[in-house]
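In what follows, a structure is listed as structure tokens, so that the remarks can point back to it.
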Amino acid sequence: MSAGGAPVPPPPNPAVSFPAPRITLPAGPDILRTYSGAFVCLEILFGGLVWILVASSNVPLPLLQGWVMFVSVTAFIFSLLFLGVFLSGMVTQIDANWNFLDFVYHFIVFVFYFGAFLLEAATTSLHDLRCNTTMTVSPLLSDNQYNINVAATIFAFVTTACYGCSLGLALRRWRP
């Protein structure tokens, strides 16, 4: 009883006082049954191929391809983490607007991957550029490097398209 005669309410339960996380995607393995989950898996697969192909070309133009490597490796790691958070069910434990975070993440990676795709395409287009190296004129990219860079450009485009599709799905969830 308080001084005024009214009973004192019990303190609030801290587990109940926090709002629930805002997410419309399922947590756990059910995420893999959605289009968004499928696109994240494709982003990881194709992004890993971009990373492997650019690295296997011996990076003949480090100024251009360094950014492509940075974006592909960083996006690969963060996409793995993103998928891992959903697969483990941690999204239900962390109070955040996951729909908004999903949208922001895919927007940033889409913009960066689009730039990486353009740089990889620019590198590939320099195949016939002739360089004077110690009195001999040779092409900037060997035929093997050119073929690898063509494949990397194609997979960079496909990965960019996957991030764009994920961005569109995230926008629909965030702004219904």
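How things are named: the first chain in the structure tokens is A, the next is B, and so on; residues count from 1 in each chain; ligands count from 1 in the order shown.
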Shell around Val109 in chain A at 12 Å using only C-alpha atoms, local window under 2 positions removed, as a PDB file with all heavy atoms, in the first residue's frame:
ATOM      1  N   VAL A  40      19.706 -13.995 -51.793  1.00  0.00           N
ATOM      2  CA  VAL A  40      20.908 -13.861 -50.959  1.00  0.00           C
ATOM      3  C   VAL A  40      21.858 -15.027 -51.230  1.00  0.00           C
ATOM      4  O   VAL A  40      23.071 -14.834 -51.327  1.00  0.00           O
ATOM      5  CB  VAL A  40      20.543 -13.749 -49.466  1.00  0.00           C
ATOM      6  CG1 VAL A  40      21.783 -13.837 -48.599  1.00  0.00           C
ATOM      7  CG2 VAL A  40      19.816 -12.446 -49.188  1.00  0.00           C
ATOM      8  N   GLU A  43      23.479 -14.281 -54.481  1.00  0.00           N
ATOM      9  CA  GLU A  43      24.470 -13.210 -54.304  1.00  0.00           C
ATOM     10  C   GLU A  43      25.776 -13.775 -53.763  1.00  0.00           C
ATOM     11  O   GLU A  43      26.864 -13.395 -54.214  1.00  0.00           O
ATOM     12  CB  GLU A  43      23.940 -12.149 -53.338  1.00  0.00           C
ATOM     13  CG  GLU A  43      22.768 -11.371 -53.846  1.00  0.00           C
ATOM     14  CD  GLU A  43      21.967 -10.682 -52.736  1.00  0.00           C
ATOM     15  OE1 GLU A  43      22.401 -10.711 -51.567  1.00  0.00           O
ATOM     16  OE2 GLU A  43      20.905 -10.128 -53.058  1.00  0.00           O
ATOM     17  N   GLY A  47      28.807 -13.786 -56.259  1.00  0.00           N
ATOM     18  CA  GLY A  47      29.821 -12.872 -55.724  1.00  0.00           C
ATOM     19  C   GLY A  47      31.120 -13.599 -55.435  1.00  0.00           C
ATOM     20  O   GLY A  47      32.213 -13.063 -55.671  1.00  0.00           O
ATOM     21  N   PHE A  70      37.732  -5.595 -53.538  1.00  0.00           N
ATOM     22  CA  PHE A  70      37.243  -5.110 -52.246  1.00  0.00           C
ATOM     23  C   PHE A  70      35.730  -5.282 -52.142  1.00  0.00           C
ATOM     24  O   PHE A  70      35.221  -5.793 -51.140  1.00  0.00           O
ATOM     25  CB  PHE A  70      37.626  -3.644 -52.047  1.00  0.00           C
ATOM     26  CG  PHE A  70      36.968  -3.013 -50.859  1.00  0.00           C
ATOM     27  CD1 PHE A  70      37.397  -3.308 -49.577  1.00  0.00           C
ATOM     28  CD2 PHE A  70      35.902  -2.142 -51.025  1.00  0.00           C
ATOM     29  CE1 PHE A  70      36.775  -2.743 -48.469  1.00  0.00           C
ATOM     30  CE2 PHE A  70      35.279  -1.573 -49.930  1.00  0.00           C
ATOM     31  CZ  PHE A  70      35.718  -1.873 -48.641  1.00  0.00           C
ATOM     32  N   VAL A  71      35.008  -4.852 -53.155  1.00  0.00           N
ATOM     33  CA  VAL A  71      33.540  -4.929 -53.125  1.00  0.00           C
ATOM     34  C   VAL A  71      33.078  -6.382 -53.100  1.00  0.00           C
ATOM     35  O   VAL A  71      32.200  -6.745 -52.306  1.00  0.00           O
ATOM     36  CB  VAL A  71      32.929  -4.165 -54.322  1.00  0.00           C
ATOM     37  CG1 VAL A  71      31.444  -4.456 -54.457  1.00  0.00           C
ATOM     38  CG2 VAL A  71      33.164  -2.678 -54.177  1.00  0.00           C
ATOM     39  N   SER A  72      33.664  -7.220 -53.939  1.00  0.00           N
ATOM     40  CA  SER A  72      33.187  -8.608 -54.004  1.00  0.00           C
ATOM     41  C   SER A  72      33.483  -9.362 -52.714  1.00  0.00           C
ATOM     42  O   SER A  72      32.630 -10.115 -52.225  1.00  0.00           O
ATOM     43  CB  SER A  72      33.786  -9.332 -55.214  1.00  0.00           C
ATOM     44  OG  SER A  72      35.189  -9.408 -55.127  1.00  0.00           O
ATOM     45  N   VAL A  73      34.654  -9.167 -52.128  1.00  0.00           N
ATOM     46  CA  VAL A  73      34.991  -9.871 -50.883  1.00  0.00           C
ATOM     47  C   VAL A  73      34.143  -9.342 -49.727  1.00  0.00           C
ATOM     48  O   VAL A  73      33.589 -10.113 -48.934  1.00  0.00           O
ATOM     49  CB  VAL A  73      36.498  -9.744 -50.571  1.00  0.00           C
ATOM     50  CG1 VAL A  73      36.818 -10.248 -49.176  1.00  0.00           C
ATOM     51  CG2 VAL A  73      37.319 -10.491 -51.609  1.00  0.00           C
ATOM     52  N   THR A  74      34.010  -8.013 -49.634  1.00  0.00           N
ATOM     53  CA  THR A  74      33.231  -7.415 -48.549  1.00  0.00           C
ATOM     54  C   THR A  74      31.755  -7.811 -48.649  1.00  0.00           C
ATOM     55  O   THR A  74      31.135  -8.188 -47.644  1.00  0.00           O
ATOM     56  CB  THR A  74      33.376  -5.884 -48.561  1.00  0.00           C
ATOM     57  OG1 THR A  74      34.762  -5.559 -48.494  1.00  0.00           O
ATOM     58  CG2 THR A  74      32.648  -5.250 -47.399  1.00  0.00           C
ATOM     59  N   ALA A  75      31.191  -7.733 -49.842  1.00  0.00           N
ATOM     60  CA  ALA A  75      29.784  -8.105 -50.027  1.00  0.00           C
ATOM     61  C   ALA A  75      29.576  -9.594 -49.759  1.00  0.00           C
ATOM     62  O   ALA A  75      28.552  -9.987 -49.185  1.00  0.00           O
ATOM     63  CB  ALA A  75      29.324  -7.757 -51.437  1.00  0.00           C
ATOM     64  N   PHE A  76      30.536 -10.422 -50.137  1.00  0.00           N
ATOM     65  CA  PHE A  76      30.456 -11.860 -49.874  1.00  0.00           C
ATOM     66  C   PHE A  76      30.384 -12.114 -48.371  1.00  0.00           C
ATOM     67  O   PHE A  76      29.511 -12.856 -47.895  1.00  0.00           O
ATOM     68  CB  PHE A  76      31.682 -12.550 -50.492  1.00  0.00           C
ATOM     69  CG  PHE A  76      31.734 -14.031 -50.279  1.00  0.00           C
ATOM     70  CD1 PHE A  76      31.063 -14.884 -51.137  1.00  0.00           C
ATOM     71  CD2 PHE A  76      32.469 -14.583 -49.250  1.00  0.00           C
ATOM     72  CE1 PHE A  76      31.110 -16.262 -50.961  1.00  0.00           C
ATOM     73  CE2 PHE A  76      32.528 -15.949 -49.056  1.00  0.00           C
ATOM     74  CZ  PHE A  76      31.847 -16.793 -49.916  1.00  0.00           C
ATOM     75  N   ILE A  77      31.273 -11.482 -47.619  1.00  0.00           N
ATOM     76  CA  ILE A  77      31.310 -11.687 -46.161  1.00  0.00           C
ATOM     77  C   ILE A  77      30.034 -11.170 -45.511  1.00  0.00           C
ATOM     78  O   ILE A  77      29.420 -11.852 -44.674  1.00  0.00           O
ATOM     79  CB  ILE A  77      32.567 -11.020 -45.564  1.00  0.00           C
ATOM     80  CG1 ILE A  77      33.825 -11.789 -46.003  1.00  0.00           C
ATOM     81  CG2 ILE A  77      32.485 -10.963 -44.038  1.00  0.00           C
ATOM     82  CD1 ILE A  77      35.121 -11.086 -45.699  1.00  0.00           C
ATOM     83  N   PHE A  78      29.602  -9.950 -45.870  1.00  0.00           N
ATOM     84  CA  PHE A  78      28.407  -9.389 -45.248  1.00  0.00           C
ATOM     85  C   PHE A  78      27.141 -10.138 -45.647  1.00  0.00           C
ATOM     86  O   PHE A  78      26.207 -10.238 -44.853  1.00  0.00           O
ATOM     87  CB  PHE A  78      28.284  -7.893 -45.536  1.00  0.00           C
ATOM     88  CG  PHE A  78      29.132  -7.055 -44.636  1.00  0.00           C
ATOM     89  CD1 PHE A  78      30.229  -6.368 -45.129  1.00  0.00           C
ATOM     90  CD2 PHE A  78      28.853  -6.949 -43.281  1.00  0.00           C
ATOM     91  CE1 PHE A  78      31.025  -5.606 -44.301  1.00  0.00           C
ATOM     92  CE2 PHE A  78      29.640  -6.188 -42.445  1.00  0.00           C
ATOM     93  CZ  PHE A  78      30.735  -5.506 -42.949  1.00  0.00           C
ATOM     94  N   SER A  79      27.085 -10.655 -46.854  1.00  0.00           N
ATOM     95  CA  SER A  79      25.918 -11.456 -47.245  1.00  0.00           C
ATOM     96  C   SER A  79      25.882 -12.762 -46.468  1.00  0.00           C
ATOM     97  O   SER A  79      24.801 -13.234 -46.083  1.00  0.00           O
ATOM     98  CB  SER A  79      25.933 -11.735 -48.749  1.00  0.00           C
ATOM     99  OG  SER A  79      25.685 -10.547 -49.465  1.00  0.00           O
ATOM    100  N   ASP A 102      17.461  -4.289 -44.055  1.00  0.00           N
ATOM    101  CA  ASP A 102      17.558  -5.090 -45.279  1.00  0.00           C
ATOM    102  C   ASP A 102      17.599  -4.176 -46.498  1.00  0.00           C
ATOM    103  O   ASP A 102      18.427  -4.347 -47.397  1.00  0.00           O
ATOM    104  CB  ASP A 102      16.372  -6.046 -45.341  1.00  0.00           C
ATOM    105  CG  ASP A 102      16.403  -6.983 -46.533  1.00  0.00           C
ATOM    106  OD1 ASP A 102      17.479  -7.205 -47.102  1.00  0.00           O
ATOM    107  OD2 ASP A 102      15.324  -7.517 -46.871  1.00  0.00           O
ATOM    108  N   PHE A 103      16.716  -3.180 -46.522  1.00  0.00           N
ATOM    109  CA  PHE A 103      16.678  -2.236 -47.638  1.00  0.00           C
ATOM    110  C   PHE A 103      17.975  -1.438 -47.739  1.00  0.00           C
ATOM    111  O   PHE A 103      18.567  -1.325 -48.818  1.00  0.00           O
ATOM    112  CB  PHE A 103      15.473  -1.288 -47.494  1.00  0.00           C
ATOM    113  CG  PHE A 103      15.490  -0.162 -48.479  1.00  0.00           C
ATOM    114  CD1 PHE A 103      15.189  -0.381 -49.811  1.00  0.00           C
ATOM    115  CD2 PHE A 103      15.830   1.121 -48.077  1.00  0.00           C
ATOM    116  CE1 PHE A 103      15.220   0.654 -50.728  1.00  0.00           C
ATOM    117  CE2 PHE A 103      15.865   2.158 -48.984  1.00  0.00           C
ATOM    118  CZ  PHE A 103      15.554   1.925 -50.316  1.00  0.00           C
ATOM    119  N   VAL A 104      18.452  -0.895 -46.631  1.00  0.00           N
ATOM    120  CA  VAL A 104      19.671  -0.069 -46.641  1.00  0.00           C
ATOM    121  C   VAL A 104      20.878  -0.910 -47.064  1.00  0.00           C
ATOM    122  O   VAL A 104      21.697  -0.469 -47.891  1.00  0.00           O
ATOM    123  CB  VAL A 104      19.900   0.585 -45.260  1.00  0.00           C
ATOM    124  CG1 VAL A 104      21.277   1.197 -45.156  1.00  0.00           C
ATOM    125  CG2 VAL A 104      18.837   1.627 -44.993  1.00  0.00           C
ATOM    126  N   TYR A 105      20.982  -2.111 -46.511  1.00  0.00           N
ATOM    127  CA  TYR A 105      22.106  -2.989 -46.868  1.00  0.00           C
ATOM    128  C   TYR A 105      22.124  -3.273 -48.365  1.00  0.00           C
ATOM    129  O   TYR A 105      23.157  -3.115 -49.028  1.00  0.00           O
ATOM    130  CB  TYR A 105      22.036  -4.302 -46.080  1.00  0.00           C
ATOM    131  CG  TYR A 105      22.983  -5.350 -46.609  1.00  0.00           C
ATOM    132  CD1 TYR A 105      24.358  -5.218 -46.437  1.00  0.00           C
ATOM    133  CD2 TYR A 105      22.503  -6.450 -47.315  1.00  0.00           C
ATOM    134  CE1 TYR A 105      25.229  -6.161 -46.943  1.00  0.00           C
ATOM    135  CE2 TYR A 105      23.375  -7.399 -47.816  1.00  0.00           C
ATOM    136  CZ  TYR A 105      24.732  -7.249 -47.632  1.00  0.00           C
ATOM    137  OH  TYR A 105      25.590  -8.178 -48.146  1.00  0.00           O
ATOM    138  N   HIS A 106      20.987  -3.692 -48.903  1.00  0.00           N
ATOM    139  CA  HIS A 106      20.966  -4.041 -50.324  1.00  0.00           C
ATOM    140  C   HIS A 106      21.116  -2.821 -51.220  1.00  0.00           C
ATOM    141  O   HIS A 106      21.667  -2.935 -52.321  1.00  0.00           O
ATOM    142  CB  HIS A 106      19.700  -4.839 -50.659  1.00  0.00           C
ATOM    143  CG  HIS A 106      19.825  -6.268 -50.258  1.00  0.00           C
ATOM    144  ND1 HIS A 106      19.268  -6.772 -49.107  1.00  0.00           N
ATOM    145  CD2 HIS A 106      20.485  -7.302 -50.827  1.00  0.00           C
ATOM    146  CE1 HIS A 106      19.563  -8.049 -49.006  1.00  0.00           C
ATOM    147  NE2 HIS A 106      20.304  -8.395 -50.033  1.00  0.00           N
ATOM    148  N   PHE A 107      20.676  -1.652 -50.779  1.00  0.00           N
ATOM    149  CA  PHE A 107      20.884  -0.433 -51.573  1.00  0.00           C
ATOM    150  C   PHE A 107      22.374  -0.115 -51.671  1.00  0.00           C
ATOM    151  O   PHE A 107      22.895   0.141 -52.757  1.00  0.00           O
ATOM    152  CB  PHE A 107      20.122   0.749 -50.961  1.00  0.00           C
ATOM    153  CG  PHE A 107      20.372   2.042 -51.680  1.00  0.00           C
ATOM    154  CD1 PHE A 107      19.742   2.303 -52.888  1.00  0.00           C
ATOM    155  CD2 PHE A 107      21.244   2.979 -51.170  1.00  0.00           C
ATOM    156  CE1 PHE A 107      19.976   3.478 -53.567  1.00  0.00           C
ATOM    157  CE2 PHE A 107      21.495   4.165 -51.836  1.00  0.00           C
ATOM    158  CZ  PHE A 107      20.859   4.417 -53.045  1.00  0.00           C
ATOM    159  N   VAL A 111      24.704  -0.345 -55.150  1.00  0.00           N
ATOM    160  CA  VAL A 111      25.435   0.791 -55.720  1.00  0.00           C
ATOM    161  C   VAL A 111      26.920   0.450 -55.868  1.00  0.00           C
ATOM    162  O   VAL A 111      27.527   0.685 -56.919  1.00  0.00           O
ATOM    163  CB  VAL A 111      25.237   2.059 -54.851  1.00  0.00           C
ATOM    164  CG1 VAL A 111      26.177   3.168 -55.276  1.00  0.00           C
ATOM    165  CG2 VAL A 111      23.785   2.526 -54.926  1.00  0.00           C
ATOM    166  N   PHE A 112      27.518  -0.138 -54.821  1.00  0.00           N
ATOM    167  CA  PHE A 112      28.932  -0.492 -54.890  1.00  0.00           C
ATOM    168  C   PHE A 112      29.189  -1.572 -55.941  1.00  0.00           C
ATOM    169  O   PHE A 112      30.178  -1.513 -56.674  1.00  0.00           O
ATOM    170  CB  PHE A 112      29.437  -0.958 -53.530  1.00  0.00           C
ATOM    171  CG  PHE A 112      29.729   0.159 -52.568  1.00  0.00           C
ATOM    172  CD1 PHE A 112      29.503   1.486 -52.889  1.00  0.00           C
ATOM    173  CD2 PHE A 112      30.235  -0.123 -51.321  1.00  0.00           C
ATOM    174  CE1 PHE A 112      29.770   2.508 -52.002  1.00  0.00           C
ATOM    175  CE2 PHE A 112      30.513   0.896 -50.414  1.00  0.00           C
ATOM    176  CZ  PHE A 112      30.279   2.212 -50.764  1.00  0.00           C
ATOM    177  N   TYR A 113      28.319  -2.569 -56.017  1.00  0.00           N
ATOM    178  CA  TYR A 113      28.529  -3.653 -56.989  1.00  0.00           C
ATOM    179  C   TYR A 113      28.319  -3.162 -58.416  1.00  0.00           C
ATOM    180  O   TYR A 113      28.982  -3.634 -59.340  1.00  0.00           O
ATOM    181  CB  TYR A 113      27.612  -4.850 -56.703  1.00  0.00           C
ATOM    182  CG  TYR A 113      28.401  -6.127 -56.583  1.00  0.00           C
ATOM    183  CD1 TYR A 113      28.571  -6.732 -55.357  1.00  0.00           C
ATOM    184  CD2 TYR A 113      29.001  -6.715 -57.687  1.00  0.00           C
ATOM    185  CE1 TYR A 113      29.309  -7.895 -55.228  1.00  0.00           C
ATOM    186  CE2 TYR A 113      29.732  -7.877 -57.575  1.00  0.00           C
ATOM    187  CZ  TYR A 113      29.887  -8.450 -56.346  1.00  0.00           C
ATOM    188  OH  TYR A 113      30.626  -9.598 -56.231  1.00  0.00           O
ATOM    189  N   PHE A 114      27.409  -2.198 -58.605  1.00  0.00           N
ATOM    190  CA  PHE A 114      27.235  -1.644 -59.947  1.00  0.00           C
ATOM    191  C   PHE A 114      28.516  -0.941 -60.382  1.00  0.00           C
ATOM    192  O   PHE A 114      28.966  -1.093 -61.520  1.00  0.00           O
ATOM    193  CB  PHE A 114      26.047  -0.686 -59.985  1.00  0.00           C
ATOM    194  CG  PHE A 114      25.761  -0.155 -61.361  1.00  0.00           C
ATOM    195  CD1 PHE A 114      25.204  -0.974 -62.325  1.00  0.00           C
ATOM    196  CD2 PHE A 114      26.062   1.157 -61.695  1.00  0.00           C
ATOM    197  CE1 PHE A 114      24.947  -0.500 -63.598  1.00  0.00           C
ATOM    198  CE2 PHE A 114      25.806   1.642 -62.963  1.00  0.00           C
ATOM    199  CZ  PHE A 114      25.252   0.811 -63.914  1.00  0.00           C
ATOM    200  N   GLY A 115      29.133  -0.184 -59.472  1.00  0.00           N
ATOM    201  CA  GLY A 115      30.413   0.455 -59.784  1.00  0.00           C
ATOM    202  C   GLY A 115      31.502  -0.568 -60.049  1.00  0.00           C
ATOM    203  O   GLY A 115      32.321  -0.403 -60.967  1.00  0.00           O
ATOM    204  N   ALA A 116      31.530  -1.647 -59.268  1.00  0.00           N
ATOM    205  CA  ALA A 116      32.527  -2.701 -59.478  1.00  0.00           C
ATOM    206  C   ALA A 116      32.314  -3.378 -60.830  1.00  0.00           C
ATOM    207  O   ALA A 116      33.282  -3.692 -61.540  1.00  0.00           O
ATOM    208  CB  ALA A 116      32.453  -3.723 -58.345  1.00  0.00           C
ATOM    209  N   PHE A 117      31.060  -3.599 -61.198  1.00  0.00           N
ATOM    210  CA  PHE A 117      30.763  -4.185 -62.510  1.00  0.00           C
ATOM    211  C   PHE A 117      31.284  -3.284 -63.627  1.00  0.00           C
ATOM    212  O   PHE A 117      31.904  -3.760 -64.589  1.00  0.00           O
ATOM    213  CB  PHE A 117      29.255  -4.418 -62.651  1.00  0.00           C
ATOM    214  CG  PHE A 117      28.778  -4.491 -64.069  1.00  0.00           C
ATOM    215  CD1 PHE A 117      29.143  -5.543 -64.884  1.00  0.00           C
ATOM    216  CD2 PHE A 117      27.967  -3.499 -64.584  1.00  0.00           C
ATOM    217  CE1 PHE A 117      28.709  -5.607 -66.205  1.00  0.00           C
ATOM    218  CE2 PHE A 117      27.531  -3.553 -65.895  1.00  0.00           C
ATOM    219  CZ  PHE A 117      27.906  -4.609 -66.711  1.00  0.00           C
ATOM    220  N   THR A 159      25.551 -10.753 -60.452  1.00  0.00           N
ATOM    221  CA  THR A 159      25.516 -10.467 -59.018  1.00  0.00           C
ATOM    222  C   THR A 159      24.852  -9.121 -58.761  1.00  0.00           C
ATOM    223  O   THR A 159      24.049  -8.984 -57.828  1.00  0.00           O
ATOM    224  CB  THR A 159      26.946 -10.473 -58.437  1.00  0.00           C
ATOM    225  OG1 THR A 159      27.572 -11.704 -58.780  1.00  0.00           O
ATOM    226  CG2 THR A 159      26.930 -10.321 -56.929  1.00  0.00           C
ATOM    227  N   THR A 160      25.169  -8.127 -59.584  1.00  0.00           N
ATOM    228  CA  THR A 160      24.523  -6.818 -59.452  1.00  0.00           C
ATOM    229  C   THR A 160      23.022  -6.935 -59.651  1.00  0.00           C
ATOM    230  O   THR A 160      22.239  -6.330 -58.912  1.00  0.00           O
ATOM    231  CB  THR A 160      25.121  -5.817 -60.469  1.00  0.00           C
ATOM    232  OG1 THR A 160      26.532  -5.748 -60.279  1.00  0.00           O
ATOM    233  CG2 THR A 160      24.516  -4.437 -60.322  1.00  0.00           C
ATOM    234  N   ALA A 161      22.606  -7.736 -60.619  1.00  0.00           N
ATOM    235  CA  ALA A 161      21.168  -7.944 -60.852  1.00  0.00           C
ATOM    236  C   ALA A 161      20.506  -8.630 -59.659  1.00  0.00           C
ATOM    237  O   ALA A 161      19.384  -8.272 -59.281  1.00  0.00           O
ATOM    238  CB  ALA A 161      20.962  -8.764 -62.126  1.00  0.00           C
ATOM    239  N   CYS A 162      21.199  -9.583 -59.044  1.00  0.00           N
ATOM    240  CA  CYS A 162      20.650 -10.252 -57.849  1.00  0.00           C
ATOM    241  C   CYS A 162      20.489  -9.259 -56.699  1.00  0.00           C
ATOM    242  O   CYS A 162      19.463  -9.267 -56.004  1.00  0.00           O
ATOM    243  CB  CYS A 162      21.540 -11.413 -57.423  1.00  0.00           C
ATOM    244  SG  CYS A 162      21.457 -12.850 -58.500  1.00  0.00           S
ATOM    245  N   TYR A 163      21.500  -8.406 -56.497  1.00  0.00           N
ATOM    246  CA  TYR A 163      21.371  -7.389 -55.454  1.00  0.00           C
ATOM    247  C   TYR A 163      20.251  -6.406 -55.784  1.00  0.00           C
ATOM    248  O   TYR A 163      19.560  -5.920 -54.900  1.00  0.00           O
ATOM    249  CB  TYR A 163      22.695  -6.647 -55.238  1.00  0.00           C
ATOM    250  CG  TYR A 163      23.644  -7.391 -54.341  1.00  0.00           C
ATOM    251  CD1 TYR A 163      24.782  -7.994 -54.843  1.00  0.00           C
ATOM    252  CD2 TYR A 163      23.402  -7.496 -52.973  1.00  0.00           C
ATOM    253  CE1 TYR A 163      25.658  -8.680 -54.022  1.00  0.00           C
ATOM    254  CE2 TYR A 163      24.279  -8.185 -52.141  1.00  0.00           C
ATOM    255  CZ  TYR A 163      25.394  -8.767 -52.666  1.00  0.00           C
ATOM    256  OH  TYR A 163      26.251  -9.454 -51.840  1.00  0.00           O
ATOM    257  N   GLY A 164      20.066  -6.101 -57.070  1.00  0.00           N
ATOM    258  CA  GLY A 164      18.964  -5.229 -57.465  1.00  0.00           C
ATOM    259  C   GLY A 164      17.607  -5.852 -57.192  1.00  0.00           C
ATOM    260  O   GLY A 164      16.676  -5.182 -56.723  1.00  0.00           O
ATOM    261  N   CYS A 165      17.470  -7.144 -57.458  1.00  0.00           N
ATOM    262  CA  CYS A 165      16.210  -7.838 -57.154  1.00  0.00           C
ATOM    263  C   CYS A 165      15.960  -7.878 -55.648  1.00  0.00           C
ATOM    264  O   CYS A 165      14.832  -7.660 -55.196  1.00  0.00           O
ATOM    265  CB  CYS A 165      16.237  -9.254 -57.727  1.00  0.00           C
ATOM    266  SG  CYS A 165      16.179  -9.305 -59.526  1.00  0.00           S
ATOM    267  N   SER A 166      17.011  -8.137 -54.873  1.00  0.00           N
ATOM    268  CA  SER A 166      16.868  -8.124 -53.408  1.00  0.00           C
ATOM    269  C   SER A 166      16.488  -6.734 -52.921  1.00  0.00           C
ATOM    270  O   SER A 166      15.691  -6.594 -51.987  1.00  0.00           O
ATOM    271  CB  SER A 166      18.169  -8.556 -52.740  1.00  0.00           C
ATOM    272  OG  SER A 166      18.398  -9.917 -52.922  1.00  0.00           O
ATOM    273  N   LEU A 167      17.040  -5.712 -53.547  1.00  0.00           N
ATOM    274  CA  LEU A 167      16.703  -4.338 -53.195  1.00  0.00           C
ATOM    275  C   LEU A 167      15.229  -4.057 -53.464  1.00  0.00           C
ATOM    276  O   LEU A 167      14.534  -3.462 -52.628  1.00  0.00           O
ATOM    277  CB  LEU A 167      17.582  -3.358 -53.977  1.00  0.00           C
ATOM    278  CG  LEU A 167      17.294  -1.883 -53.814  1.00  0.00           C
ATOM    279  CD1 LEU A 167      17.517  -1.439 -52.372  1.00  0.00           C
ATOM    280  CD2 LEU A 167      18.168  -1.071 -54.767  1.00  0.00           C
TER     281      LEU A 167
END
Please give the complete set of residues from range 2-172 of chain A that DSSP, run on the backbone, assigns to strand (DSSP E), formatted as a short mmCIF file (atom, residue, chain, number, x, y, z; two decimals) with all heavy atoms, in the first residue's frame.
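As a result, result_5.cif now contains:
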data_model
loop_
_atom_site.label_atom_id
_atom_site.label_comp_id
_atom_site.auth_asym_id
_atom_site.auth_seq_id
_atom_site.Cartn_x
_atom_site.Cartn_y
_atom_site.Cartn_z
N ARG A 130 47.73 -1.59 -76.35
CA ARG A 130 49.12 -2.03 -76.51
C ARG A 130 50.02 -1.28 -75.54
O ARG A 130 49.93 -0.07 -75.41
CB ARG A 130 49.61 -1.80 -77.93
CG ARG A 130 48.78 -2.49 -78.98
CD ARG A 130 49.01 -3.96 -78.96
NE ARG A 130 48.13 -4.62 -79.94
CZ ARG A 130 47.97 -5.89 -79.98
NH1 ARG A 130 48.59 -6.67 -79.13
NH2 ARG A 130 47.18 -6.43 -80.85
N CYS A 131 50.88 -2.02 -74.85
CA CYS A 131 51.80 -1.43 -73.88
C CYS A 131 53.22 -1.67 -74.34
O CYS A 131 53.57 -2.75 -74.80
CB CYS A 131 51.60 -2.05 -72.51
SG CYS A 131 49.99 -1.73 -71.83
N ASN A 132 54.05 -0.66 -74.19
CA ASN A 132 55.46 -0.78 -74.51
C ASN A 132 56.20 -1.25 -73.27
O ASN A 132 56.38 -0.50 -72.32
CB ASN A 132 56.01 0.57 -75.00
CG ASN A 132 57.44 0.46 -75.48
OD1 ASN A 132 58.01 -0.62 -75.49
ND2 ASN A 132 57.99 1.58 -75.89
N THR A 133 56.59 -2.51 -73.27
CA THR A 133 57.31 -3.05 -72.13
C THR A 133 58.69 -3.49 -72.60
O THR A 133 58.84 -4.49 -73.30
CB THR A 133 56.57 -4.25 -71.52
OG1 THR A 133 56.39 -5.23 -72.54
CG2 THR A 133 55.22 -3.84 -70.95
N THR A 136 59.32 -4.11 -76.42
CA THR A 136 58.36 -4.97 -77.11
C THR A 136 56.96 -4.44 -76.83
O THR A 136 56.66 -4.00 -75.73
CB THR A 136 58.45 -6.43 -76.64
OG1 THR A 136 58.15 -6.48 -75.26
CG2 THR A 136 59.83 -7.01 -76.90
N VAL A 137 56.14 -4.46 -77.84
CA VAL A 137 54.77 -4.01 -77.68
C VAL A 137 53.90 -5.25 -77.53
O VAL A 137 53.89 -6.13 -78.38
CB VAL A 137 54.31 -3.17 -78.90
CG1 VAL A 137 52.87 -2.77 -78.77
CG2 VAL A 137 55.20 -1.95 -79.05
N SER A 138 53.19 -5.31 -76.40
CA SER A 138 52.34 -6.46 -76.14
C SER A 138 50.99 -5.97 -75.64
O SER A 138 50.87 -4.87 -75.10
CB SER A 138 53.00 -7.38 -75.11
OG SER A 138 53.17 -6.70 -73.90
N PRO A 139 49.96 -6.80 -75.78
CA PRO A 139 48.65 -6.39 -75.27
C PRO A 139 48.66 -6.31 -73.74
O PRO A 139 49.43 -7.01 -73.08
CB PRO A 139 47.70 -7.47 -75.77
CG PRO A 139 48.55 -8.61 -76.19
CD PRO A 139 49.92 -8.09 -76.45
#
Using only C-alpha atoms, the residue out of A:Ile44, A:Ala170, A:Met69, A:Ala38 with shortest distance to Asn97 in chain A is A:Ala170
Hey, what does DSSP flag as alpha helix (DSSP H) within chain A? Can you give it to me as a PyMOL selection string? chain A and resi 14-17+35-56+62-88+98-125+143-174
- Å distance separating CA of Asn58 in chain A from CA of Ala152 in chain A, one decimal place: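 These two atoms are separated by 12.5 Å.
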(Q) With only C-alpha atoms as the counted atoms, please give the residues lying no more than 9 Å from Glu120 in chain A, apart from itself and same-chain residues fewer than 3 positions off, as an NGL selection string. (A) :A and (54 or 64-65 or 68 or 115-117 or 123-125 or 149-150 or 152-153 or 156)
Residue with the minimum atom-to-atom distance to Leu141 in chain A, picked from A:Ser88, A:Leu25, A:Pro60, A:Pro11 with only C-alpha atoms counted, is A:Pro60
**Request:** Considering only C-alpha atoms, state which residue in the set A:Ala6, A:Leu49, A:Leu83, A:Leu169 is at the smallest distance from Phe157 in chain A.
**Result:**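 Selected residue with least distance to Phe157 in chain A: A:Leu49.
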CA of Thr24 in chain A to CA of Trp174 in chain A measures 8.9 Å
